[in-house]
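S.K.: Take a look at protein.cif, mmCIF, C-alpha atoms:
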data_start
#
loop_
_atom_site.label_atom_id
_atom_site.label_comp_id
_atom_site.auth_asym_id
_atom_site.auth_seq_id
_atom_site.Cartn_x
_atom_site.Cartn_y
_atom_site.Cartn_z
CA MET J 1 0.38 -0.25 -23.31
CA GLN J 2 -1.82 -2.50 -21.14
CA GLY J 3 -0.68 -5.65 -22.98
CA GLU J 4 2.93 -4.51 -22.90
CA ARG J 5 2.73 -4.09 -19.14
CA MET J 6 1.45 -7.67 -18.71
CA ASN J 7 4.49 -9.20 -20.42
CA LYS J 8 6.79 -7.96 -17.64
CA PRO J 9 6.93 -8.78 -13.95
CA HIS J 10 4.73 -6.39 -12.04
CA ALA J 11 4.74 -4.54 -8.76
CA ILE J 12 1.66 -4.33 -6.58
CA ILE J 13 1.11 -1.99 -3.66
CA VAL J 14 -1.50 -2.87 -1.08
CA MET J 15 -2.59 0.54 0.15
CA GLY J 16 -4.90 2.34 2.52
CA VAL J 17 -4.95 3.97 5.91
CA SER J 18 -3.57 2.37 9.03
CA GLY J 19 -5.59 -0.57 10.29
CA CYS J 20 -7.05 -1.59 6.92
CA GLY J 21 -5.02 -4.83 6.74
CA LYS J 22 -2.30 -3.95 4.24
CA SER J 23 0.27 -6.35 5.70
CA SER J 24 -2.09 -9.30 6.21
CA VAL J 25 -3.66 -8.94 2.77
CA GLY J 26 -0.28 -8.27 1.14
CA GLU J 27 1.12 -11.49 2.57
CA LYS J 28 -1.91 -13.47 1.31
CA LEU J 29 -1.60 -11.95 -2.17
CA ALA J 30 2.14 -12.62 -2.25
CA GLY J 31 1.51 -16.26 -1.42
CA ALA J 32 -1.22 -16.63 -4.04
CA LEU J 33 0.80 -14.87 -6.76
CA HIS J 34 4.15 -16.41 -5.76
CA LEU J 35 5.74 -12.99 -5.29
CA ALA J 36 7.98 -11.53 -2.62
CA PHE J 37 6.25 -9.39 0.02
CA VAL J 38 7.87 -6.33 1.58
CA GLU J 39 6.45 -4.68 4.68
CA GLY J 40 6.55 -1.00 3.75
CA ASP J 41 6.54 0.12 7.39
CA ALA J 42 9.92 -1.60 7.81
CA LEU J 43 11.37 0.82 5.23
CA HIS J 44 10.46 3.98 7.17
CA PRO J 45 13.43 5.99 8.43
CA ALA J 46 13.76 5.80 12.23
CA ALA J 47 12.74 9.46 12.53
CA ASN J 48 9.37 8.69 10.87
CA VAL J 49 8.68 5.78 13.21
CA GLU J 50 9.58 7.96 16.20
CA LYS J 51 7.20 10.73 15.06
CA MET J 52 4.33 8.33 14.48
CA SER J 53 4.97 6.56 17.81
CA LYS J 54 4.51 9.93 19.49
CA GLY J 55 1.25 10.53 17.65
CA ILE J 56 2.74 13.14 15.30
CA PRO J 57 1.44 12.88 11.71
CA LEU J 58 4.04 12.65 8.95
CA THR J 59 4.37 15.47 6.45
CA ASP J 60 4.94 15.13 2.71
CA GLU J 61 8.59 15.97 3.39
CA ASP J 62 8.80 13.09 5.89
CA ARG J 63 7.22 10.63 3.47
CA MET J 64 9.26 11.34 0.32
CA PRO J 65 12.48 9.48 1.33
CA TRP J 66 10.31 6.54 2.41
CA LEU J 67 8.41 6.51 -0.88
CA ASP J 68 11.70 6.73 -2.78
CA ARG J 69 13.04 3.72 -0.85
CA ILE J 70 9.91 1.72 -1.70
CA GLY J 71 10.23 2.77 -5.35
CA GLU J 72 13.91 1.72 -5.40
CA ASP J 73 13.11 -1.68 -3.89
CA MET J 74 10.32 -2.28 -6.39
CA GLN J 75 12.49 -1.19 -9.33
CA ALA J 76 15.36 -3.43 -8.19
CA SER J 77 12.99 -6.39 -8.02
CA LEU J 78 11.55 -5.70 -11.47
CA GLU J 79 15.04 -5.27 -12.95
CA LYS J 80 15.85 -8.78 -11.70
CA GLY J 81 12.77 -10.04 -13.54
CA GLU J 82 10.86 -10.58 -10.29
CA GLY J 83 7.49 -9.23 -9.27
CA ILE J 84 6.92 -7.77 -5.81
CA ILE J 85 4.13 -6.80 -3.44
CA VAL J 86 4.63 -3.96 -0.96
CA SER J 87 2.39 -2.62 1.78
CA CYS J 88 2.34 1.18 1.69
CA SER J 89 -0.33 3.67 2.73
CA ALA J 90 0.15 5.67 -0.53
CA LEU J 91 -2.44 8.13 0.74
CA LYS J 92 -2.09 10.87 -1.89
CA ARG J 93 -2.13 10.82 -5.67
CA ILE J 94 1.30 12.51 -5.75
CA TYR J 95 2.69 9.61 -3.69
CA ARG J 96 1.17 7.02 -6.02
CA ASP J 97 2.41 8.89 -9.09
CA ARG J 98 5.90 9.04 -7.56
CA LEU J 99 5.79 5.27 -7.05
CA ARG J 100 4.48 4.70 -10.58
CA ALA J 101 7.34 6.79 -11.97
CA ALA J 102 9.88 4.80 -9.95
CA VAL J 103 8.88 1.58 -11.74
CA GLY J 104 8.12 3.00 -15.16
CA GLY J 105 4.36 2.75 -14.65
CA ASN J 106 4.41 -1.02 -14.14
CA LEU J 107 2.46 -0.83 -10.90
CA PHE J 108 -0.93 -1.89 -9.62
CA PHE J 109 -2.64 -0.80 -6.41
CA VAL J 110 -5.02 -2.75 -4.21
CA TYR J 111 -6.85 -0.08 -2.21
CA LEU J 112 -8.35 -1.42 1.02
CA GLU J 113 -11.24 0.76 2.12
CA GLY J 114 -13.40 0.58 5.20
CA SER J 115 -15.49 2.62 7.57
CA LYS J 116 -13.86 4.74 10.24
CA ALA J 117 -15.57 2.61 12.91
CA LEU J 118 -14.14 -0.64 11.51
CA LEU J 119 -10.67 0.87 11.08
CA THR J 120 -10.70 2.21 14.65
CA GLN J 121 -11.76 -1.20 15.96
CA ARG J 122 -9.01 -3.01 14.05
CA MET J 123 -6.33 -0.53 15.12
CA GLY J 124 -7.44 -0.92 18.73
CA GLU J 125 -7.06 -4.71 18.49
CA ARG J 126 -3.47 -4.60 17.14
CA LYS J 127 -0.64 -5.46 19.45
CA GLY J 128 2.87 -4.01 19.24
CA HIS J 129 2.33 -1.64 16.31
CA PHE J 130 3.93 1.80 16.47
CA MET J 131 0.97 3.61 14.88
CA PRO J 132 -1.48 4.86 17.53
CA VAL J 133 -5.24 4.99 16.89
CA SER J 134 -4.99 8.76 17.37
CA LEU J 135 -3.36 9.12 13.94
CA LEU J 136 -6.25 7.50 12.04
CA GLU J 137 -8.06 10.83 11.75
CA SER J 138 -5.06 12.53 10.10
CA GLN J 139 -4.64 9.60 7.72
CA LEU J 140 -8.30 9.74 6.70
CA ALA J 141 -7.99 13.52 6.19
CA THR J 142 -4.88 13.01 4.02
CA LEU J 143 -6.33 10.14 1.96
CA GLU J 144 -7.12 10.91 -1.67
CA VAL J 145 -9.25 7.96 -2.76
CA PRO J 146 -7.64 6.36 -5.85
CA THR J 147 -10.66 4.67 -7.41
CA ALA J 148 -10.64 6.79 -10.59
CA GLU J 149 -6.94 6.08 -11.24
CA PRO J 150 -5.72 3.40 -13.67
CA GLY J 151 -4.50 0.07 -12.33
CA VAL J 152 -6.40 0.31 -9.03
CA VAL J 153 -8.53 -2.41 -7.47
CA THR J 154 -10.76 -1.23 -4.61
CA VAL J 155 -11.70 -3.81 -1.98
CA ASP J 156 -14.01 -3.33 1.00
CA ILE J 157 -12.35 -4.61 4.19
CA ASP J 158 -15.57 -5.71 5.90
CA ASP J 159 -14.63 -9.37 5.37
CA THR J 160 -12.05 -11.90 6.52
CA VAL J 161 -8.44 -11.51 5.37
CA ASP J 162 -8.96 -14.52 3.08
CA GLY J 163 -12.15 -13.01 1.63
CA ILE J 164 -10.46 -9.66 1.06
CA ALA J 165 -7.53 -11.38 -0.67
CA VAL J 166 -9.84 -13.40 -2.94
CA THR J 167 -11.70 -10.23 -3.95
CA ALA J 168 -8.40 -8.44 -4.58
CA LEU J 169 -7.12 -11.34 -6.71
CA LYS J 170 -10.29 -11.25 -8.83
CA GLY J 171 -9.85 -7.50 -9.33
CA LEU J 172 -6.19 -7.89 -10.24
CA ALA J 173 -7.06 -10.71 -12.67
CA ALA J 174 -9.54 -8.34 -14.36
CA LEU J 175 -6.61 -5.96 -14.87
CA GLY J 176 -4.52 -8.77 -16.38
CA VAL J 177 -2.49 -9.84 -13.34
CA THR J 178 -2.43 -13.63 -13.25
CA VAL J 179 -1.30 -16.25 -10.79
#
Show this structure as structure tokens.
M.R.:
Amino acid sequence: MQGERMNKPHAIIVMGVSGCGKSSVGEKLAGALHLAFVEGDALHPAANVEKMSKGIPLTDEDRMPWLDRIGEDMQASLEKGEGIIVSCSALKRIYRDRLRAAVGGNLFFVYLEGSKALLTQRMGERKGHFMPVSLLESQLATLEVPTAEPGVVTVDIDDTVDGIAVTALKGLAALGVTV
């Protein structure tokens, strides 16, 4: 199955809690792998953005239409013979499994992990993002670390965006994803 998966275009999700650098790293990976990049936050329904802006954590029920939209976008890209990279928190295993099912299992994850202190610092430095620092705690509580799952590369975020991307690319290459 692993070899079969490599012969097709692939989808990659750059995942983790808010403030870990999903968008910045996703854009770097997309450039290096010559793939389209989709900002997952842009696919949230307006009601989700409004809740998060008010500091209200999303529920599973809130997230499912968003995850389905991401899955549909990835599947549409793969059906056109094109790979894709999407930023998406993908905090729980059921979310990741839902995304895997949407693309027939042809999906890799780059999990960006970091300390609460570093994440808090980075969130505090962001300008114009709807996600308040106050929601970091609920995201960390929701997170089910994916390191034992297949097709996951774990990268520590205590580095520059370029350094994180290089480490992620090495991990993806070890899984058979090539430039």
S.K.: With distances taken over only C-alpha atoms, which residue among J:Ile157, J:Ile56, J:Ile164, J:Leu33 lies nearest Cys20 (chain J)?
M.R.: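 Ranked by minimum distance to Cys20 (chain J), first place goes to J:Ile157.
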S.K.: Write out as a PyMOL selection string each polymer residue whose atoms come within 9 Å of Gly26 (chain J), counting only C-alpha atoms; drop sequence neighbours fewer than 2 positions from it.
M.R.: chain J and resi 12-14+21-24+28-31+37-39+85-87+165
S.K.: Considering all atoms listed in the file, can you say which of J:Leu140, J:Leu169, J:Val161, J:Val103 comes closest to Asp68 (chain J)?
M.R.: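 Result for the nearest residue to Asp68 (chain J): J:Val103.
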S.K.: Could you expand the PyMOL selection byres ((chain J and resi 94) around 12) into the explicit residues it covers here, written as an MDAnalysis selection string?
M.R.: chainID J and resid 60 63:64 67 90:93 95:101 142:146 149
S.K.: Report, in Å with one decimal, the straight-line distance from CA of Gly16 (chain J) to CA of Thr178 (chain J).
M.R.: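 A separation of 22.6 Å between them.
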S.K.: Using Å and a single decimal, report how far CA of Ser89 (chain J) sits from CA of Asp73 (chain J).
M.R.: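 Calculated distance between CA of Asp73 (chain J) and CA of Ser89 (chain J) is 15.9 Å.
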S.K.: Could you tell me how far CA of Leu135 (chain J) sits from CA of Ser53 (chain J), in Å to one decimal place?
M.R.: 9.5 Å
S.K.: If we count all atoms listed in the file, what is near Pro45 (chain J) at a cut-off of 12 Å, once residues fewer than 5 positions away on the same chain are taken out, given as a PyMOL selection string?
M.R.: chain J and resi 40+50-52+58+62-70
S.K.: Run through the PyMOL selection byres ((chain J and resi 82) around 12) on the given coordinates and return the selected residues as a PDB file with C-alpha atoms, in the frame of the given file.
M.R.:
ATOM      1  CA  LYS J   8       6.790  -7.960 -17.640  1.00  0.00           C
ATOM      2  CA  PRO J   9       6.930  -8.780 -13.950  1.00  0.00           C
ATOM      3  CA  HIS J  10       4.730  -6.390 -12.040  1.00  0.00           C
ATOM      4  CA  ALA J  11       4.740  -4.540  -8.760  1.00  0.00           C
ATOM      5  CA  ILE J  12       1.660  -4.330  -6.580  1.00  0.00           C
ATOM      6  CA  LEU J  33       0.800 -14.870  -6.760  1.00  0.00           C
ATOM      7  CA  HIS J  34       4.150 -16.410  -5.760  1.00  0.00           C
ATOM      8  CA  LEU J  35       5.740 -12.990  -5.290  1.00  0.00           C
ATOM      9  CA  ALA J  36       7.980 -11.530  -2.620  1.00  0.00           C
ATOM     10  CA  PHE J  37       6.250  -9.390   0.020  1.00  0.00           C
ATOM     11  CA  ASP J  73      13.110  -1.680  -3.890  1.00  0.00           C
ATOM     12  CA  MET J  74      10.320  -2.280  -6.390  1.00  0.00           C
ATOM     13  CA  GLN J  75      12.490  -1.190  -9.330  1.00  0.00           C
ATOM     14  CA  ALA J  76      15.360  -3.430  -8.190  1.00  0.00           C
ATOM     15  CA  SER J  77      12.990  -6.390  -8.020  1.00  0.00           C
ATOM     16  CA  LEU J  78      11.550  -5.700 -11.470  1.00  0.00           C
ATOM     17  CA  GLU J  79      15.040  -5.270 -12.950  1.00  0.00           C
ATOM     18  CA  LYS J  80      15.850  -8.780 -11.700  1.00  0.00           C
ATOM     19  CA  GLY J  81      12.770 -10.040 -13.540  1.00  0.00           C
ATOM     20  CA  GLY J  83       7.490  -9.230  -9.270  1.00  0.00           C
ATOM     21  CA  ILE J  84       6.920  -7.770  -5.810  1.00  0.00           C
ATOM     22  CA  ILE J  85       4.130  -6.800  -3.440  1.00  0.00           C
TER      23      ILE J  85
END
S.K.: To test the calculation: enclose all listed atoms of region 36-44 of chain J in a box whose edges run along x, y and z, add 5 Å on each side, then state centre and edge lengths in Å to one decimal, as AutoDock Vina command-line options.
M.R.:
--center_x 8.8 --center_y -3.8 --center_z 2.6 --size_x 15.1 --size_y 25.5 --size_z 20.4
S.K.: Looking at all atoms listed in the file, which of J:Asp158, J:Glu72, J:Glu61, J:Glu137 is the one that sits closest to Leu112 (chain J)?
M.R.: J:Asp158
S.K.: Which is closer to Val166 (chain J) than all the others in J:Arg122, J:Gln139, J:Val153, J:Ala102, using all atoms listed in the file?
M.R.: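 Selected residue with least distance to Val166 (chain J): J:Val153.
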S.K.: Leaving out Thr154 (chain J) and any residue of its chain fewer than 6 positions from it, which residues lie within 9 Å of it when counting all atoms listed in the file, given as number ranges by chain?
M.R.: J: 109-113, 146-147, 168, 171
S.K.: Since fewer atoms than expected are present, regenerate N, CA and C atoms for region 59-76 of chain J and write them as a PDB file, in the frame of the given file.
M.R.:
ATOM      1  N   THR J  59       4.592  14.466   7.495  1.00  0.00           N
ATOM      2  CA  THR J  59       4.370  15.470   6.450  1.00  0.00           C
ATOM      3  C   THR J  59       4.787  14.863   5.105  1.00  0.00           C
ATOM      4  N   ASP J  60       4.474  15.565   4.028  1.00  0.00           N
ATOM      5  CA  ASP J  60       4.940  15.130   2.710  1.00  0.00           C
ATOM      6  C   ASP J  60       6.460  15.010   2.710  1.00  0.00           C
ATOM      7  N   GLU J  61       7.122  15.983   3.323  1.00  0.00           N
ATOM      8  CA  GLU J  61       8.590  15.970   3.390  1.00  0.00           C
ATOM      9  C   GLU J  61       9.108  14.727   4.103  1.00  0.00           C
ATOM     10  N   ASP J  62       8.419  14.309   5.165  1.00  0.00           N
ATOM     11  CA  ASP J  62       8.800  13.090   5.890  1.00  0.00           C
ATOM     12  C   ASP J  62       8.633  11.854   5.013  1.00  0.00           C
ATOM     13  N   ARG J  63       7.572  11.839   4.220  1.00  0.00           N
ATOM     14  CA  ARG J  63       7.220  10.630   3.470  1.00  0.00           C
ATOM     15  C   ARG J  63       8.073  10.418   2.210  1.00  0.00           C
ATOM     16  N   MET J  64       8.588  11.482   1.611  1.00  0.00           N
ATOM     17  CA  MET J  64       9.260  11.340   0.320  1.00  0.00           C
ATOM     18  C   MET J  64      10.465  10.385   0.345  1.00  0.00           C
ATOM     19  N   PRO J  65      11.372  10.445   1.319  1.00  0.00           N
ATOM     20  CA  PRO J  65      12.480   9.480   1.330  1.00  0.00           C
ATOM     21  C   PRO J  65      11.977   8.031   1.475  1.00  0.00           C
ATOM     22  N   TRP J  66      10.907   7.863   2.231  1.00  0.00           N
ATOM     23  CA  TRP J  66      10.310   6.540   2.410  1.00  0.00           C
ATOM     24  C   TRP J  66       9.718   6.036   1.091  1.00  0.00           C
ATOM     25  N   LEU J  67       8.982   6.897   0.415  1.00  0.00           N
ATOM     26  CA  LEU J  67       8.410   6.510  -0.880  1.00  0.00           C
ATOM     27  C   LEU J  67       9.515   6.200  -1.894  1.00  0.00           C
ATOM     28  N   ASP J  68      10.577   6.991  -1.872  1.00  0.00           N
ATOM     29  CA  ASP J  68      11.700   6.730  -2.780  1.00  0.00           C
ATOM     30  C   ASP J  68      12.336   5.382  -2.487  1.00  0.00           C
ATOM     31  N   ARG J  69      12.465   5.038  -1.222  1.00  0.00           N
ATOM     32  CA  ARG J  69      13.040   3.720  -0.850  1.00  0.00           C
ATOM     33  C   ARG J  69      12.153   2.590  -1.355  1.00  0.00           C
ATOM     34  N   ILE J  70      10.845   2.736  -1.204  1.00  0.00           N
ATOM     35  CA  ILE J  70       9.910   1.720  -1.700  1.00  0.00           C
ATOM     36  C   ILE J  70      10.039   1.622  -3.225  1.00  0.00           C
ATOM     37  N   GLY J  71      10.086   2.763  -3.900  1.00  0.00           N
ATOM     38  CA  GLY J  71      10.230   2.770  -5.350  1.00  0.00           C
ATOM     39  C   GLY J  71      11.521   2.091  -5.789  1.00  0.00           C
ATOM     40  N   GLU J  72      12.621   2.348  -5.078  1.00  0.00           N
ATOM     41  CA  GLU J  72      13.910   1.720  -5.400  1.00  0.00           C
ATOM     42  C   GLU J  72      13.848   0.209  -5.209  1.00  0.00           C
ATOM     43  N   ASP J  73      13.224  -0.242  -4.137  1.00  0.00           N
ATOM     44  CA  ASP J  73      13.110  -1.680  -3.890  1.00  0.00           C
ATOM     45  C   ASP J  73      12.264  -2.361  -4.964  1.00  0.00           C
ATOM     46  N   MET J  74      11.160  -1.707  -5.348  1.00  0.00           N
ATOM     47  CA  MET J  74      10.320  -2.280  -6.390  1.00  0.00           C
ATOM     48  C   MET J  74      11.066  -2.331  -7.719  1.00  0.00           C
ATOM     49  N   GLN J  75      11.744  -1.246  -8.077  1.00  0.00           N
ATOM     50  CA  GLN J  75      12.490  -1.190  -9.330  1.00  0.00           C
ATOM     51  C   GLN J  75      13.588  -2.246  -9.355  1.00  0.00           C
ATOM     52  N   ALA J  76      14.300  -2.423  -8.252  1.00  0.00           N
ATOM     53  CA  ALA J  76      15.360  -3.430  -8.190  1.00  0.00           C
ATOM     54  C   ALA J  76      14.794  -4.829  -8.410  1.00  0.00           C
TER      55      ALA J  76
END
